[in-house]
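Source file entry-v3.tsv; content: TSV, C-alpha atoms.
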chain	number	residue	atom	x	y	z
P	1	MET	CA	-80.58	-72.68	-66.65
P	2	SER	CA	-78.16	-75.50	-66.97
P	3	ASN	CA	-75.66	-74.47	-69.60
P	4	TYR	CA	-74.53	-71.38	-67.69
P	5	ASP	CA	-74.95	-69.15	-70.72
P	6	ARG	CA	-75.39	-65.50	-69.82
P	7	TYR	CA	-75.23	-62.08	-71.41
P	8	PRO	CA	-71.57	-61.19	-71.35
P	9	CYS	CA	-71.70	-57.47	-70.71
P	10	VAL	CA	-73.90	-55.53	-68.35
P	11	ASP	CA	-74.17	-51.79	-67.78
P	12	ILE	CA	-74.03	-50.70	-64.18
P	13	SER	CA	-74.81	-47.48	-62.30
P	14	SER	CA	-72.13	-45.60	-60.36
P	15	SER	CA	-73.35	-47.05	-57.06
P	16	LYS	CA	-73.36	-50.55	-58.59
P	17	LYS	CA	-76.93	-51.08	-57.51
P	18	ILE	CA	-78.59	-50.88	-60.93
P	19	PHE	CA	-77.72	-53.22	-63.78
P	20	GLU	CA	-78.93	-53.22	-67.35
P	21	PHE	CA	-78.47	-55.55	-70.28
P	22	ILE	CA	-80.13	-56.17	-73.62
P	23	SER	CA	-82.13	-59.33	-74.18
P	24	ILE	CA	-81.63	-60.38	-77.79
P	25	GLY	CA	-84.03	-62.74	-79.52
P	26	PRO	CA	-86.82	-63.18	-82.04
P	27	GLN	CA	-88.86	-60.34	-80.50
P	28	GLY	CA	-85.97	-57.92	-80.89
P	29	ASN	CA	-83.69	-56.17	-78.44
P	30	ILE	CA	-85.28	-55.54	-75.05
P	31	ARG	CA	-83.72	-53.51	-72.22
P	32	LYS	CA	-83.73	-55.50	-69.00
P	33	THR	CA	-82.99	-53.77	-65.75
P	34	ILE	CA	-82.22	-55.07	-62.29
P	35	LYS	CA	-82.22	-52.83	-59.26
P	36	PHE	CA	-81.17	-53.63	-55.70
P	37	GLN	CA	-83.37	-51.45	-53.49
P	38	LYS	CA	-82.49	-51.11	-49.84
P	39	ILE	CA	-85.14	-52.12	-47.35
P	40	ALA	CA	-85.35	-49.41	-44.72
P	41	SER	CA	-83.46	-50.06	-41.50
P	42	GLN	CA	-82.15	-53.46	-42.59
P	43	ASN	CA	-79.08	-54.57	-44.45
P	44	VAL	CA	-81.29	-56.19	-47.04
P	45	TYR	CA	-81.77	-55.23	-50.66
P	46	ASN	CA	-84.87	-56.10	-52.61
P	47	LEU	CA	-84.01	-57.32	-56.10
P	48	VAL	CA	-86.46	-55.92	-58.62
P	49	PHE	CA	-86.30	-56.79	-62.27
P	50	GLY	CA	-88.17	-55.80	-65.41
P	51	ASN	CA	-88.19	-54.21	-68.82
P	52	LEU	CA	-87.08	-50.60	-68.90
P	53	ASN	CA	-89.40	-48.75	-71.26
P	54	SER	CA	-88.33	-45.79	-73.36
P	55	ASP	CA	-90.35	-43.42	-71.12
P	56	GLY	CA	-88.33	-44.54	-68.09
P	57	SER	CA	-91.06	-46.69	-66.62
P	58	ILE	CA	-90.35	-50.25	-65.55
P	59	ASP	CA	-92.58	-53.20	-66.30
P	60	ASP	CA	-92.29	-56.62	-64.70
P	61	LEU	CA	-95.35	-58.35	-66.11
P	62	THR	CA	-94.71	-58.42	-69.83
P	63	ILE	CA	-93.81	-61.81	-71.24
P	64	ASN	CA	-91.27	-61.23	-73.98
P	65	ASN	CA	-90.94	-64.69	-75.53
P	66	ASN	CA	-87.41	-63.85	-76.55
P	67	ASN	CA	-86.34	-67.47	-76.07
P	68	ASP	CA	-83.62	-66.50	-73.60
P	69	ARG	CA	-85.25	-67.18	-70.22
P	70	ASP	CA	-82.40	-69.29	-68.85
P	71	LYS	CA	-79.80	-66.89	-70.16
P	72	ILE	CA	-81.60	-64.02	-68.40
P	73	LEU	CA	-81.82	-65.97	-65.14
P	74	PHE	CA	-78.13	-66.76	-65.19
P	75	THR	CA	-77.33	-63.13	-66.01
P	76	ILE	CA	-79.40	-62.09	-62.97
P	77	ALA	CA	-77.40	-64.57	-60.89
P	78	GLY	CA	-74.29	-62.84	-62.23
P	79	THR	CA	-75.59	-59.45	-61.10
P	80	VAL	CA	-76.24	-60.84	-57.61
P	81	PHE	CA	-72.69	-62.16	-57.59
P	82	ASP	CA	-71.35	-58.74	-58.65
P	83	PHE	CA	-73.59	-56.85	-56.21
P	84	THR	CA	-72.59	-59.03	-53.27
P	85	GLN	CA	-68.96	-58.54	-54.21
P	86	GLN	CA	-69.50	-54.79	-53.74
P	87	TYR	CA	-71.74	-55.20	-50.70
P	88	PRO	CA	-70.58	-58.48	-49.15
P	89	ASP	CA	-72.47	-58.15	-45.86
P	90	SER	CA	-75.79	-57.45	-47.52
P	91	TYR	CA	-78.65	-59.85	-47.97
P	92	VAL	CA	-80.58	-59.94	-51.24
P	93	PHE	CA	-84.30	-60.61	-51.06
P	94	PHE	CA	-86.37	-61.60	-54.11
P	95	ARG	CA	-89.70	-63.06	-55.12
P	96	GLY	CA	-91.48	-63.31	-58.44
P	97	SER	CA	-94.05	-60.82	-59.66
P	98	THR	CA	-96.41	-63.79	-60.01
P	99	LYS	CA	-96.60	-67.19	-58.33
P	100	GLY	CA	-95.41	-68.74	-61.59
P	101	ARG	CA	-92.31	-66.61	-61.61
P	102	THR	CA	-91.58	-67.34	-57.98
P	103	ARG	CA	-91.84	-71.03	-58.90
P	104	LEU	CA	-89.46	-70.42	-61.80
P	105	TYR	CA	-86.92	-68.86	-59.45
P	106	ARG	CA	-87.28	-71.82	-57.11
P	107	MET	CA	-86.70	-74.23	-60.00
P	108	ALA	CA	-83.67	-72.27	-61.17
P	109	ILE	CA	-82.16	-72.35	-57.68
P	110	THR	CA	-82.96	-76.06	-57.37
P	111	VAL	CA	-81.35	-76.97	-60.69
P	112	ASN	CA	-78.25	-74.95	-59.90
P	113	PHE	CA	-78.16	-75.48	-56.15
P	114	GLU	CA	-74.86	-77.39	-56.24
P	115	ILE	CA	-73.02	-74.47	-57.76
P	116	LEU	CA	-74.93	-71.58	-56.22
P	117	SER	CA	-74.51	-72.94	-52.72
P	118	LEU	CA	-70.73	-72.83	-53.13
P	119	THR	CA	-70.95	-69.06	-53.33
P	120	PHE	CA	-74.17	-68.10	-51.57
P	121	ASP	CA	-76.07	-68.94	-48.42
P	122	ILE	CA	-79.66	-69.37	-49.59
P	123	TRP	CA	-82.87	-69.27	-47.53
P	124	GLY	CA	-86.52	-69.62	-48.42
P	125	PHE	CA	-89.64	-68.04	-46.92
P	126	ASP	CA	-92.62	-70.38	-46.73
P	127	ASN	CA	-96.20	-69.22	-47.16
P	128	GLU	CA	-96.45	-68.55	-43.44
P	129	GLY	CA	-93.50	-66.18	-43.62
P	130	ASN	CA	-91.09	-68.50	-41.82
P	131	ILE	CA	-87.51	-68.50	-43.00
P	132	GLU	CA	-85.34	-71.60	-43.33
P	133	PRO	CA	-82.30	-72.79	-45.27
P	134	PHE	CA	-83.38	-73.52	-48.85
P	135	HIS	CA	-84.57	-77.09	-49.45
P	136	ARG	CA	-84.79	-78.27	-53.04
P	137	SER	CA	-88.02	-80.15	-52.51
P	138	LYS	CA	-90.03	-77.30	-50.98
P	139	ASP	CA	-92.11	-74.46	-52.35
P	140	TYR	CA	-91.30	-70.98	-51.19
P	141	ASP	CA	-92.91	-67.59	-51.37
P	142	ALA	CA	-89.66	-65.61	-51.40
P	143	PHE	CA	-85.91	-66.06	-51.15
P	144	LEU	CA	-82.96	-64.51	-49.39
P	145	VAL	CA	-79.30	-64.91	-50.32
P	146	ARG	CA	-76.02	-63.68	-48.96
P	147	ARG	CA	-72.48	-64.13	-50.16
P	148	LYS	CA	-70.76	-66.87	-48.21
P	149	LYS	CA	-68.08	-65.66	-45.88
P	150	THR	CA	-64.65	-66.71	-47.07
M	151	MET	CA	-72.87	-84.25	-62.95
M	152	LYS	CA	-69.63	-82.32	-62.83
M	153	LYS	CA	-68.47	-81.23	-59.38
M	154	PHE	CA	-67.45	-77.61	-59.48
M	155	LYS	CA	-64.83	-75.86	-57.43
M	156	LYS	CA	-65.74	-72.53	-55.90
M	157	SER	CA	-63.29	-70.71	-58.18
M	158	GLU	CA	-64.93	-72.29	-61.25
M	159	VAL	CA	-68.36	-71.18	-60.08
M	160	GLU	CA	-67.12	-67.65	-59.53
M	161	LYS	CA	-65.77	-67.63	-63.06
M	162	LEU	CA	-69.15	-68.78	-64.38
M	163	LEU	CA	-71.01	-66.09	-62.46
M	164	ARG	CA	-68.66	-63.20	-63.04
M	165	ILE	CA	-70.05	-60.69	-65.49
M	166	LYS	CA	-68.26	-57.94	-67.31
M	167	THR	CA	-69.64	-54.57	-66.29
M	168	ARG	CA	-69.20	-51.04	-67.55
M	169	VAL	CA	-70.40	-47.98	-65.70
M	170	ASN	CA	-73.27	-46.19	-67.42
M	171	LYS	CA	-74.02	-42.96	-65.58
M	172	ASP	CA	-77.39	-42.69	-67.37
M	173	LEU	CA	-78.60	-45.31	-64.94
M	174	ASP	CA	-77.80	-43.06	-61.97
M	175	LYS	CA	-81.01	-41.08	-62.54
M	176	TYR	CA	-82.99	-44.09	-61.29
M	177	GLU	CA	-81.07	-44.31	-58.02
M	178	ASP	CA	-83.51	-42.29	-55.97
M	179	GLN	CA	-86.62	-43.86	-57.41
M	180	ILE	CA	-88.40	-46.71	-55.71
M	181	TRP	CA	-89.47	-49.14	-58.36
M	182	PHE	CA	-92.54	-51.24	-57.59
M	183	PRO	CA	-93.34	-49.64	-54.20
M	184	GLU	CA	-95.89	-52.36	-53.52
M	185	LYS	CA	-93.15	-54.98	-53.85
M	186	GLN	CA	-90.91	-52.97	-51.58
M	187	GLU	CA	-93.70	-52.82	-49.00
M	188	LYS	CA	-94.35	-56.55	-49.28
M	189	ALA	CA	-90.65	-57.33	-48.86
M	190	THR	CA	-90.52	-55.08	-45.81
M	191	GLU	CA	-93.59	-56.80	-44.37
M	192	ILE	CA	-92.14	-60.30	-44.90
M	193	LEU	CA	-88.77	-59.34	-43.45
M	194	LYS	CA	-90.27	-57.58	-40.45
M	195	LYS	CA	-91.57	-60.92	-39.15
M	196	VAL	CA	-88.25	-62.75	-39.15
M	197	LYS	CA	-84.86	-62.49	-37.58
M	198	LEU	CA	-82.22	-62.45	-40.28
M	199	PRO	CA	-80.09	-65.60	-40.27
M	200	LYS	CA	-76.47	-65.23	-39.17
Entire entry expressed as structure tokens:
Amino acid sequence: MSNYDRYPCVDISSSKKIFEFISIGPQGNIRKTIKFQKIASQNVYNLVFGNLNSDGSIDDLTINNNNDRDKILFTIAGTVFDFTQQYPDSYVFFRGSTKGRTRLYRMAITVNFEILSLTFDIWGFDNEGNIEPFHRSKDYDAFLVRRKKT
Amino acid sequence: MKKFKKSEVEKLLRIKTRVNKDLDKYEDQIWFPEKQEKATEILKKVKLPK
């Protein structure tokens, strides 16, 4: 996630809370969907992400090996940017479906912290559930971001 | 490492979107309810930062 390559065009629902794009690679074309789901009674949206299957089900555990991991991550960052443009006071919460994926998100934030922190406030949740401003050298269990106030 | 300006970062992050009303049918669904519950549980314990 260092060359800032991303999928250029993303479909979006009318509410601008669901995004979809096609991952293109050696395994074929795969529908990837991102949904921002509101957490009851809080101004926080849970970012969920996975493959949208033809029967309408969503799957977040399949490993596609489509050689576009970084491009997907930067596209997801783009959807968070777009979402927080529409809902600027909202927080976005996310964590991986596995510990490995949570670690991947942490690495992606770390590598791109200089640029992401210009646009977003970023916090991490440690394993005890405590929240703190994101530190590049620490492991986290989950993350929270919000568009910086201009 | 190149120092970016905020406007440059926004240009990097901005994606082109087009509305696809087919996606609206998923609006009322909760995907991964167990994840939603876990997120709620984690957030319940903290005060959101200002």
Would you tabulate, counting all atoms listed in the file, all residues of segment 166-185 of chain M that have an atom at most 6 Å from an atom of segment 8-12 of chain P, showing the closest pair of atoms and their distance in Å to one decimal, sorted by chain then ascending number, as CSV?
residue,atom,partner,partner_atom,distance
M:Lys166,CA,P:Cys9,CA,4.9
M:Thr167,CA,P:Val10,CA,4.8
M:Arg168,CA,P:Asp11,CA,5.0
M:Val169,CA,P:Ile12,CA,4.8
M:Asn170,CA,P:Ile12,CA,5.6
Using only C-alpha atoms, which protein or nucleic acid residues come within 12 Å of segment 110-112 of chain P? Drop anything in the same chain fewer than 5 positions from it, and give the result as an MDAnalysis selection string.
(chainID P and resid 1:4 70 73:74 77 103:105 117:120 122:124 134:140) or (chainID M and resid 151:154 159 162:163)
For segment 39-49 of chain P, please output as a list in words all residues within 8 Å (counting only C-alpha atoms; exclusion window: fewer than 2 positions along the same chain).
Lys32, Thr33, Ile34, Lys35, Phe36, Gln37, Asn51, Asp60, Asp89, Ser90, Tyr91, Val92, Phe93 and Phe94 of chain P; Trp181, Phe182, Gln186, Ala189 and Thr190 of chain M
Which residue gives the smallest distance to Tyr7 of chain P among P:Arg31, P:Arg101, P:Lys38, P:Lys71, with only C-alpha atoms counted?
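The answer is P:Lys71, which sits nearest to Tyr7 of chain P.
The interatomic distance for the pair atom CA of Ser13 of chain P and atom CA of Asp174 of chain M works out to 5.3 Å.
Atom CA of Ala108 of chain P sits 17.9 Å away from atom CA of Asn66 of chain P.
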I'd like the interatomic distance between atom CA of Asn53 of chain P and atom CA of Ile192 of chain M, to a tenth of an Å.
28.9 Å
Which residue of M:Asp178, M:Leu193, M:Leu173, M:Ser157 approaches chain P most closely, using all atoms listed in the file
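Nearest to chain P: M:Leu173.
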